[in-house]
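For reference, coords_13.txt (compact mmCIF, C-alpha atoms and all ligand atoms):
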# COMPACT_ATOMS: atom_id res chain seq x y z
CA MET T 1 0.31 26.05 -46.63
CA ILE T 2 1.34 24.71 -43.29
CA ILE T 3 0.49 21.07 -42.83
CA GLY T 4 0.72 19.38 -39.48
CA SER T 5 3.25 20.59 -37.00
CA MET T 6 6.10 22.99 -37.62
CA GLN T 7 8.82 24.13 -35.28
CA CYS T 8 10.83 27.34 -35.34
CA ARG T 9 13.54 28.69 -33.13
CA LEU T 10 13.09 32.04 -31.41
CA GLN T 11 15.61 34.45 -29.89
CA SER T 12 17.30 32.03 -27.54
CA SER T 13 18.47 28.56 -28.31
CA LEU T 14 16.41 27.38 -25.35
CA ALA T 15 13.00 28.54 -26.60
CA CYS T 16 11.03 27.45 -29.62
CA CYS T 17 7.45 27.55 -30.73
CA GLN T 18 5.28 25.01 -32.43
CA PHE T 19 2.52 25.70 -34.96
CA ASP T 20 -0.27 23.21 -34.73
CA SER T 21 -3.88 23.28 -35.94
CA GLY T 22 -3.89 27.03 -36.53
CA ARG T 23 -2.38 28.11 -33.21
CA TRP T 24 1.10 28.73 -31.86
CA HIS T 25 2.11 26.69 -28.83
CA ASN T 26 5.13 27.84 -26.89
CA VAL T 27 7.43 25.01 -26.03
CA TYR T 28 10.57 25.59 -24.02
CA LYS T 29 13.58 23.37 -24.48
CA LEU T 30 15.22 22.71 -21.16
CA LYS T 31 18.95 22.24 -20.68
CA ASN T 32 18.47 18.48 -20.37
CA ASN T 33 16.88 18.59 -23.86
CA LYS T 34 13.38 17.89 -22.53
CA THR T 35 10.58 20.23 -23.60
CA LYS T 36 8.10 22.09 -21.45
CA MET T 37 4.68 23.31 -22.61
CA ARG T 38 3.75 26.91 -21.89
CA GLN T 39 0.12 25.86 -21.41
CA LYS T 40 -0.37 24.32 -17.97
CA ILE T 41 -3.96 23.21 -18.50
CA LEU T 42 -5.41 20.59 -20.85
CA ASP T 43 -9.05 20.21 -21.88
CA PRO T 44 -8.84 17.17 -24.20
CA CYS T 45 -12.55 17.13 -25.18
CA CYS T 46 -13.50 20.81 -25.16
CA GLY T 47 -16.56 20.67 -27.47
CA GLY T 48 -18.04 24.16 -27.74
CA ARG T 49 -16.06 25.31 -24.62
CA MET T 50 -19.38 26.19 -22.97
CA PHE T 51 -18.14 25.95 -19.39
CA TRP T 52 -15.09 28.16 -19.92
CA PHE T 53 -15.29 31.80 -18.81
CA ASP T 54 -12.51 32.65 -21.27
CA LYS T 55 -12.94 30.39 -24.30
CA HIS T 56 -9.52 31.41 -25.60
CA ASN T 57 -7.59 31.26 -22.34
CA PRO T 58 -3.95 31.19 -23.44
CA ASN T 59 -3.00 28.89 -20.56
CA VAL T 60 -5.19 26.09 -21.93
CA ILE T 61 -4.79 23.62 -24.77
CA PHE T 62 -8.29 22.96 -26.09
CA GLY T 63 -8.56 19.58 -27.82
CA ASP T 64 -11.35 17.52 -29.33
CA ILE T 65 -11.69 14.61 -31.74
CA ARG T 66 -13.78 16.70 -34.16
CA ASN T 67 -13.79 20.09 -35.85
CA GLU T 68 -17.39 20.99 -36.75
CA ARG T 69 -19.95 23.78 -36.99
CA HIS T 70 -23.69 23.32 -36.51
CA ILE T 71 -26.87 25.34 -36.13
CA LEU T 72 -28.76 23.95 -33.14
CA CYS T 73 -32.55 23.50 -32.94
CA ASP T 74 -32.98 26.90 -31.26
CA GLY T 75 -30.98 28.63 -33.99
CA ARG T 76 -27.84 29.05 -31.88
CA LYS T 77 -24.50 28.33 -33.52
CA LEU T 78 -22.30 25.58 -32.14
CA GLU T 79 -18.67 25.65 -33.10
CA VAL T 80 -16.34 22.85 -32.08
CA LYS T 81 -12.98 24.21 -33.10
CA PRO T 82 -10.19 22.74 -31.00
CA ASP T 83 -6.68 24.16 -30.99
CA LYS T 84 -5.62 20.63 -31.71
CA ILE T 85 -7.44 17.51 -32.86
CA MET T 86 -6.77 14.85 -30.24
CA ASP T 87 -8.11 11.56 -28.93
CA PHE T 88 -8.36 11.39 -25.15
CA ARG T 89 -7.72 7.65 -25.39
CA ASN T 90 -4.26 8.28 -26.77
CA LEU T 91 -2.85 11.70 -25.89
CA GLU T 92 0.37 12.66 -27.57
CA TYR T 93 1.84 14.52 -24.59
CA PRO T 94 4.61 13.18 -22.40
CA ASP T 95 3.92 11.93 -18.88
CA LYS T 96 3.53 14.65 -16.22
CA THR T 97 3.00 17.60 -18.57
CA PHE T 98 0.02 19.51 -17.11
CA LYS T 99 -0.96 20.94 -13.73
CA LEU T 100 -4.69 20.73 -14.44
CA VAL T 101 -6.69 18.45 -16.73
CA VAL T 102 -10.44 18.89 -17.26
CA PHE T 103 -12.16 15.74 -18.48
CA ASP T 104 -15.72 16.16 -19.76
CA PRO T 105 -16.27 13.21 -22.11
CA PRO T 106 -19.54 12.41 -23.92
CA HIS T 107 -22.11 10.96 -21.53
CA LEU T 108 -24.92 10.08 -23.98
CA LYS T 109 -25.46 6.51 -24.98
CA GLY T 110 -27.93 5.77 -27.74
CA ALA T 111 -28.51 9.41 -28.80
CA GLY T 112 -29.00 9.62 -32.56
CA ARG T 113 -25.78 10.89 -34.08
CA ASN T 114 -27.64 13.67 -35.86
CA GLY T 115 -29.72 14.90 -32.93
CA TRP T 116 -28.80 18.30 -31.43
CA MET T 117 -27.70 16.71 -28.12
CA ALA T 118 -25.27 14.51 -30.01
CA LYS T 119 -23.95 17.50 -31.93
CA LYS T 120 -23.42 19.42 -28.72
CA TYR T 121 -22.02 16.69 -26.48
CA GLY T 122 -20.86 13.89 -28.78
CA VAL T 123 -21.95 10.30 -28.16
CA LEU T 124 -20.48 7.24 -26.49
CA ASP T 125 -19.86 4.21 -28.66
CA LYS T 126 -22.44 1.60 -27.62
CA ASP T 127 -19.90 -1.25 -27.69
CA THR T 128 -16.64 0.32 -26.53
CA TRP T 129 -17.71 3.17 -24.20
CA ARG T 130 -16.42 1.58 -20.99
CA ASP T 131 -13.03 0.92 -22.41
CA ASP T 132 -12.96 4.37 -24.07
CA LEU T 133 -13.66 6.09 -20.73
CA ARG T 134 -11.14 3.88 -18.92
CA ARG T 135 -8.47 4.82 -21.45
CA GLY T 136 -9.47 8.50 -21.23
CA PHE T 137 -9.06 8.51 -17.44
CA SER T 138 -5.78 6.70 -17.69
CA GLU T 139 -4.39 9.16 -20.27
CA CYS T 140 -5.60 12.25 -18.38
CA TRP T 141 -3.89 10.85 -15.26
CA ARG T 142 -0.67 10.02 -17.09
CA VAL T 143 -0.20 13.55 -18.48
CA LEU T 144 -0.84 15.14 -15.07
CA LYS T 145 2.15 16.27 -13.05
CA LYS T 146 2.59 15.05 -9.51
CA ASP T 147 0.16 16.97 -7.29
CA GLY T 148 -1.79 17.92 -10.42
CA ILE T 149 -5.57 18.22 -10.39
CA LEU T 150 -8.07 16.32 -12.52
CA ILE T 151 -11.60 17.69 -12.76
CA PHE T 152 -14.16 15.24 -14.13
CA LYS T 153 -17.65 16.24 -15.24
CA TRP T 154 -20.36 13.66 -15.74
CA ASN T 155 -24.08 13.77 -16.48
CA GLU T 156 -26.18 10.75 -15.54
CA HIS T 157 -28.56 11.03 -18.52
CA SER T 158 -27.59 7.53 -19.75
CA ILE T 159 -25.21 6.04 -17.17
CA LYS T 160 -25.15 6.42 -13.39
CA LEU T 161 -22.01 7.73 -11.78
CA LYS T 162 -21.81 4.66 -9.53
CA ASP T 163 -21.55 2.50 -12.66
CA ILE T 164 -18.33 4.16 -13.81
CA ARG T 165 -16.62 4.52 -10.43
CA ASP T 166 -14.41 1.54 -11.12
CA LEU T 167 -12.92 3.45 -14.07
CA PHE T 168 -11.66 6.30 -11.86
CA PRO T 169 -7.87 6.61 -11.75
CA ALA T 170 -7.86 7.22 -7.96
CA ASP T 171 -10.23 7.93 -5.10
CA PRO T 172 -11.96 11.26 -5.69
CA LEU T 173 -11.39 13.99 -3.11
CA PHE T 174 -14.75 15.74 -3.31
CA GLY T 175 -17.52 16.57 -5.73
CA HIS T 176 -20.61 18.61 -6.31
CA THR T 177 -23.89 17.90 -8.03
CA THR T 178 -25.47 20.57 -10.22
CA ASN T 179 -28.45 21.25 -12.52
CA ASN T 180 -32.09 21.22 -11.54
CA LYS T 181 -32.43 17.45 -11.90
CA GLY T 182 -29.30 16.99 -9.80
CA ASN T 183 -27.68 14.69 -12.29
CA THR T 184 -24.55 16.56 -13.34
CA HIS T 185 -21.51 15.83 -11.20
CA TRP T 186 -18.24 17.71 -10.88
CA ILE T 187 -15.54 15.59 -9.24
CA CYS T 188 -12.05 16.54 -8.14
CA PHE T 189 -9.01 14.24 -8.02
CA MET T 190 -5.42 15.06 -7.07
CA LYS T 191 -2.43 13.05 -8.26
CA LEU T 192 -0.70 12.63 -4.90
C1 LIG H 201 -19.67 16.68 -23.15
S1 LIG H 201 -18.86 17.31 -24.59
C2 LIG H 201 -17.77 18.56 -23.93
C3 LIG H 201 -18.47 19.85 -23.61
C4 LIG H 201 -17.53 20.95 -23.18
N1 LIG H 201 -16.89 20.67 -21.92
C5 LIG H 201 -18.19 22.32 -23.13
O1 LIG H 201 -18.02 23.03 -22.10
O2 LIG H 201 -18.82 22.71 -24.12
C6 LIG H 201 -17.76 15.99 -25.00
C7 LIG H 201 -16.84 16.24 -26.18
O3 LIG H 201 -15.94 15.11 -26.28
C8 LIG H 201 -15.59 14.97 -27.63
N2 LIG H 201 -15.00 13.62 -27.81
C9 LIG H 201 -15.64 12.44 -27.98
N3 LIG H 201 -14.77 11.43 -28.06
C10 LIG H 201 -13.53 11.98 -27.94
C11 LIG H 201 -12.23 11.45 -27.94
N4 LIG H 201 -11.99 10.12 -28.06
N5 LIG H 201 -11.19 12.31 -27.80
C12 LIG H 201 -11.41 13.65 -27.68
N6 LIG H 201 -12.63 14.21 -27.67
C13 LIG H 201 -13.69 13.38 -27.79
C14 LIG H 201 -16.87 15.20 -28.37
O4 LIG H 201 -16.61 15.55 -29.71
C15 LIG H 201 -17.51 16.33 -27.54
O5 LIG H 201 -17.26 17.58 -28.13
Conversion result in structure tokens:
Amino acid sequence: MIIGSMQCRLQSSLACCQFDSGRWHNVYKLKNNKTKMRQKILDPCCGGRMFWFDKHNPNVIFGDIRNERHILCDGRKLEVKPDKIMDFRNLEYPDKTFKLVVFDPPHLKGAGRNGWMAKKYGVLDKDTWRDDLRRGFSECWRVLKKDGILIFKWNEHSIKLKDIRDLFPADPLFGHTTNNKGNTHWICFMKL
């Protein structure tokens, strides 16, 4: 049984691969002994990957703090099965690793932990949510390369966007509001 992370060398001394949480991650060793991830995109809280066109896009590392399966109220299955268990407040990647990070953290405050919304989207901790989001932004920003893009998605069900603006890692470039109530926001940042 493979527990945790395992490394093996491939054909060249410069390439190796890493087995983690049921999936191989290609990692290239550079001449200066630093490593480079094959995946250029990080989704550190992927949930059921609902917004992805290709839910197994090989260019993406899909992370989440949980690994769970549920049957929702309408009978649909929800599977949260990240490539890697991770905590967006403390990412284990080096600085400047990814070209694109997609940050879609829980937005529900006060939802019962067993309700279907909570199962689908997770919940914010009622005491620590501000600090959790601040740390999430800061970590997503840290692992972005220079000129990298951060996409942030937020739904105002519990908390208005204006009330978390001070947690942003930089000034946003542009955004768009979606859904029929107009309360889901997609916001784009660039690490200039
Ligand atoms: C809004 S949902 C993501 C939905 C997803 N983008 C989709 O398309 O289905 C937020 C996710 O963040 C996860 N999450 C909550 N706290 C986290 C943390 N500290 N680190 C990583 N993931 C976390 C939850 O488990 C939940 O699956």
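Nearest to Lys55 (chain T) of all the residues T:Lys120, T:His176, T:His185, T:Lys81 is T:Lys81, based on all atoms listed in the file.
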Would you name the residues within 9 Å of ligand LIG 201 (chain H), counting only C-alpha atoms and all ligand atoms, and put them as a PDB file with C-alpha atoms, in the coordinates of the input?
ATOM      1  CA  ASP T  43      -9.050  20.210 -21.880  1.00  0.00           C
ATOM      2  CA  PRO T  44      -8.840  17.170 -24.200  1.00  0.00           C
ATOM      3  CA  CYS T  45     -12.550  17.130 -25.180  1.00  0.00           C
ATOM      4  CA  CYS T  46     -13.500  20.810 -25.160  1.00  0.00           C
ATOM      5  CA  GLY T  47     -16.560  20.670 -27.470  1.00  0.00           C
ATOM      6  CA  GLY T  48     -18.040  24.160 -27.740  1.00  0.00           C
ATOM      7  CA  ARG T  49     -16.060  25.310 -24.620  1.00  0.00           C
ATOM      8  CA  MET T  50     -19.380  26.190 -22.970  1.00  0.00           C
ATOM      9  CA  PHE T  51     -18.140  25.950 -19.390  1.00  0.00           C
ATOM     10  CA  TRP T  52     -15.090  28.160 -19.920  1.00  0.00           C
ATOM     11  CA  GLY T  63      -8.560  19.580 -27.820  1.00  0.00           C
ATOM     12  CA  ASP T  64     -11.350  17.520 -29.330  1.00  0.00           C
ATOM     13  CA  ILE T  65     -11.690  14.610 -31.740  1.00  0.00           C
ATOM     14  CA  ARG T  66     -13.780  16.700 -34.160  1.00  0.00           C
ATOM     15  CA  ASN T  67     -13.790  20.090 -35.850  1.00  0.00           C
ATOM     16  CA  GLU T  68     -17.390  20.990 -36.750  1.00  0.00           C
ATOM     17  CA  VAL T  80     -16.340  22.850 -32.080  1.00  0.00           C
ATOM     18  CA  ILE T  85      -7.440  17.510 -32.860  1.00  0.00           C
ATOM     19  CA  MET T  86      -6.770  14.850 -30.240  1.00  0.00           C
ATOM     20  CA  ASP T  87      -8.110  11.560 -28.930  1.00  0.00           C
ATOM     21  CA  PHE T  88      -8.360  11.390 -25.150  1.00  0.00           C
ATOM     22  CA  ARG T  89      -7.720   7.650 -25.390  1.00  0.00           C
ATOM     23  CA  ASN T  90      -4.260   8.280 -26.770  1.00  0.00           C
ATOM     24  CA  LEU T  91      -2.850  11.700 -25.890  1.00  0.00           C
ATOM     25  CA  VAL T 102     -10.440  18.890 -17.260  1.00  0.00           C
ATOM     26  CA  PHE T 103     -12.160  15.740 -18.480  1.00  0.00           C
ATOM     27  CA  ASP T 104     -15.720  16.160 -19.760  1.00  0.00           C
ATOM     28  CA  PRO T 105     -16.270  13.210 -22.110  1.00  0.00           C
ATOM     29  CA  PRO T 106     -19.540  12.410 -23.920  1.00  0.00           C
ATOM     30  CA  HIS T 107     -22.110  10.960 -21.530  1.00  0.00           C
ATOM     31  CA  LEU T 108     -24.920  10.080 -23.980  1.00  0.00           C
ATOM     32  CA  ALA T 118     -25.270  14.510 -30.010  1.00  0.00           C
ATOM     33  CA  LYS T 119     -23.950  17.500 -31.930  1.00  0.00           C
ATOM     34  CA  LYS T 120     -23.420  19.420 -28.720  1.00  0.00           C
ATOM     35  CA  TYR T 121     -22.020  16.690 -26.480  1.00  0.00           C
ATOM     36  CA  GLY T 122     -20.860  13.890 -28.780  1.00  0.00           C
ATOM     37  CA  VAL T 123     -21.950  10.300 -28.160  1.00  0.00           C
ATOM     38  CA  LEU T 124     -20.480   7.240 -26.490  1.00  0.00           C
ATOM     39  CA  ASP T 125     -19.860   4.210 -28.660  1.00  0.00           C
ATOM     40  CA  ASP T 132     -12.960   4.370 -24.070  1.00  0.00           C
ATOM     41  CA  LEU T 133     -13.660   6.090 -20.730  1.00  0.00           C
ATOM     42  CA  GLY T 136      -9.470   8.500 -21.230  1.00  0.00           C
ATOM     43  CA  LYS T 153     -17.650  16.240 -15.240  1.00  0.00           C
ATOM     44  CA  TRP T 154     -20.360  13.660 -15.740  1.00  0.00           C
ATOM     45  CA  ASN T 155     -24.080  13.770 -16.480  1.00  0.00           C
TER      46      ASN T 155
END
How many Å lie between CA of Lys40 (chain T) and CA of Arg135 (chain T), rounded to one decimal? 21.4 Å
Selected residue, from T:Lys126, T:Arg134, T:Arg165, T:Lys99, that lies nearest to Met190 (chain T) when counting only C-alpha atoms: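 Of T:Lys126, T:Arg134, T:Arg165, T:Lys99, the one nearest Met190 (chain T), counting only C-alpha atoms, is T:Lys99.
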Box centre and edge lengths (Å, one decimal), axis-aligned, region 84-92 of chain T plus 3 Å each side, as lines of an AutoDock Vina configuration file:
center_x = -4.0
center_y = 14.1
center_z = -29.0
size_x = 14.7
size_y = 19.0
size_z = 13.7
From (-6.2, 23.8, -29.2), in the file's coordinates, out to 6 Å: which residues are reached, counting all atoms listed in the file? Answer as number ranges by chain. T: 61-63, 82-84
Work out how far apart CA of Arg69 (chain T) and CA of Thr178 (chain T) are and give it in Å to one decimal.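 Distance between the two atoms: 27.5 Å.
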For CA of Ile151 (chain T) and CA of Phe189 (chain T), quote the distance in Å rounded to one decimal.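 It comes out at 6.4 Å.
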With distances taken over only C-alpha atoms, which residue among T:Leu78, T:Val143, T:Ile149, T:Met117 lies nearest Met37 (chain T)? T:Val143
Find, counting only C-alpha atoms, the residue in T:Trp141, T:Leu150, T:Leu167, T:Gln39 that gets nearest to Trp186 (chain T). T:Leu150
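Proximity ranking of T:Pro58, T:Arg38, T:Ala170, T:Glu139 relative to Glu92 (chain T) places T:Glu139 first, based on only C-alpha atoms.
With distances restricted to all atoms listed in the file, T:Arg142 is the closest residue to Lys96 (chain T) from T:His56, T:Arg142, T:Lys36, T:His70.
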Would you output region 58-110 of chain T from that structure, restricted to C-alpha atoms, as a PDB file, in the first residue's frame?
ATOM      1  CA  PRO T  58      -4.358  17.003 -16.556  1.00  0.00           C
ATOM      2  CA  ASN T  59      -3.005  20.564 -16.340  1.00  0.00           C
ATOM      3  CA  VAL T  60      -4.792  21.158 -13.035  1.00  0.00           C
ATOM      4  CA  ILE T  61      -4.108  20.080  -9.471  1.00  0.00           C
ATOM      5  CA  PHE T  62      -7.506  19.693  -7.813  1.00  0.00           C
ATOM      6  CA  GLY T  63      -7.320  20.116  -4.032  1.00  0.00           C
ATOM      7  CA  ASP T  64      -9.817  20.254  -1.195  1.00  0.00           C
ATOM      8  CA  ILE T  65      -9.784  19.852   2.573  1.00  0.00           C
ATOM      9  CA  ARG T  66     -12.219  16.913   2.403  1.00  0.00           C
ATOM     10  CA  ASN T  67     -12.780  13.673   0.531  1.00  0.00           C
ATOM     11  CA  GLU T  68     -16.491  12.806   0.672  1.00  0.00           C
ATOM     12  CA  ARG T  69     -19.446  11.360  -1.223  1.00  0.00           C
ATOM     13  CA  HIS T  70     -23.061  12.394  -0.708  1.00  0.00           C
ATOM     14  CA  ILE T  71     -26.487  11.948  -2.238  1.00  0.00           C
ATOM     15  CA  LEU T  72     -28.074  15.391  -2.526  1.00  0.00           C
ATOM     16  CA  CYS T  73     -31.748  16.187  -1.851  1.00  0.00           C
ATOM     17  CA  ASP T  74     -32.636  15.802  -5.547  1.00  0.00           C
ATOM     18  CA  GLY T  75     -30.988  12.375  -5.701  1.00  0.00           C
ATOM     19  CA  ARG T  76     -27.881  13.581  -7.546  1.00  0.00           C
ATOM     20  CA  LYS T  77     -24.516  12.262  -6.415  1.00  0.00           C
ATOM     21  CA  LEU T  78     -21.904  14.677  -5.131  1.00  0.00           C
ATOM     22  CA  GLU T  79     -18.345  13.457  -5.057  1.00  0.00           C
ATOM     23  CA  VAL T  80     -15.608  15.594  -3.551  1.00  0.00           C
ATOM     24  CA  LYS T  81     -12.508  13.654  -4.481  1.00  0.00           C
ATOM     25  CA  PRO T  82      -9.482  15.920  -4.724  1.00  0.00           C
ATOM     26  CA  ASP T  83      -6.215  14.797  -6.284  1.00  0.00           C
ATOM     27  CA  LYS T  84      -4.674  15.998  -3.083  1.00  0.00           C
ATOM     28  CA  ILE T  85      -6.042  16.907   0.332  1.00  0.00           C
ATOM     29  CA  MET T  86      -4.916  20.467   1.022  1.00  0.00           C
ATOM     30  CA  ASP T  87      -5.721  23.475   3.167  1.00  0.00           C
ATOM     31  CA  PHE T  88      -5.843  26.753   1.252  1.00  0.00           C
ATOM     32  CA  ARG T  89      -4.665  28.513   4.412  1.00  0.00           C
ATOM     33  CA  ASN T  90      -1.378  26.664   4.280  1.00  0.00           C
ATOM     34  CA  LEU T  91      -0.461  25.398   0.810  1.00  0.00           C
ATOM     35  CA  GLU T  92       2.533  23.146   0.585  1.00  0.00           C
ATOM     36  CA  TYR T  93       3.795  24.472  -2.753  1.00  0.00           C
ATOM     37  CA  PRO T  94       6.786  26.742  -3.154  1.00  0.00           C
ATOM     38  CA  ASP T  95       6.381  30.425  -3.974  1.00  0.00           C
ATOM     39  CA  LYS T  96       5.672  31.212  -7.652  1.00  0.00           C
ATOM     40  CA  THR T  97       4.651  27.709  -8.745  1.00  0.00           C
ATOM     41  CA  PHE T  98       1.457  28.205 -10.805  1.00  0.00           C
ATOM     42  CA  LYS T  99       0.365  30.353 -13.734  1.00  0.00           C
ATOM     43  CA  LEU T 100      -3.307  30.256 -12.769  1.00  0.00           C
ATOM     44  CA  VAL T 101      -5.008  29.780  -9.406  1.00  0.00           C
ATOM     45  CA  VAL T 102      -8.794  29.491  -9.075  1.00  0.00           C
ATOM     46  CA  PHE T 103     -10.061  30.352  -5.600  1.00  0.00           C
ATOM     47  CA  ASP T 104     -13.683  29.428  -4.865  1.00  0.00           C
ATOM     48  CA  PRO T 105     -13.848  29.123  -1.066  1.00  0.00           C
ATOM     49  CA  PRO T 106     -17.014  28.380   0.943  1.00  0.00           C
ATOM     50  CA  HIS T 107     -19.280  31.422   1.118  1.00  0.00           C
ATOM     51  CA  LEU T 108     -21.993  30.144   3.496  1.00  0.00           C
ATOM     52  CA  LYS T 109     -22.024  31.299   7.056  1.00  0.00           C
ATOM     53  CA  GLY T 110     -24.430  29.650   9.460  1.00  0.00           C
TER      54      GLY T 110
END
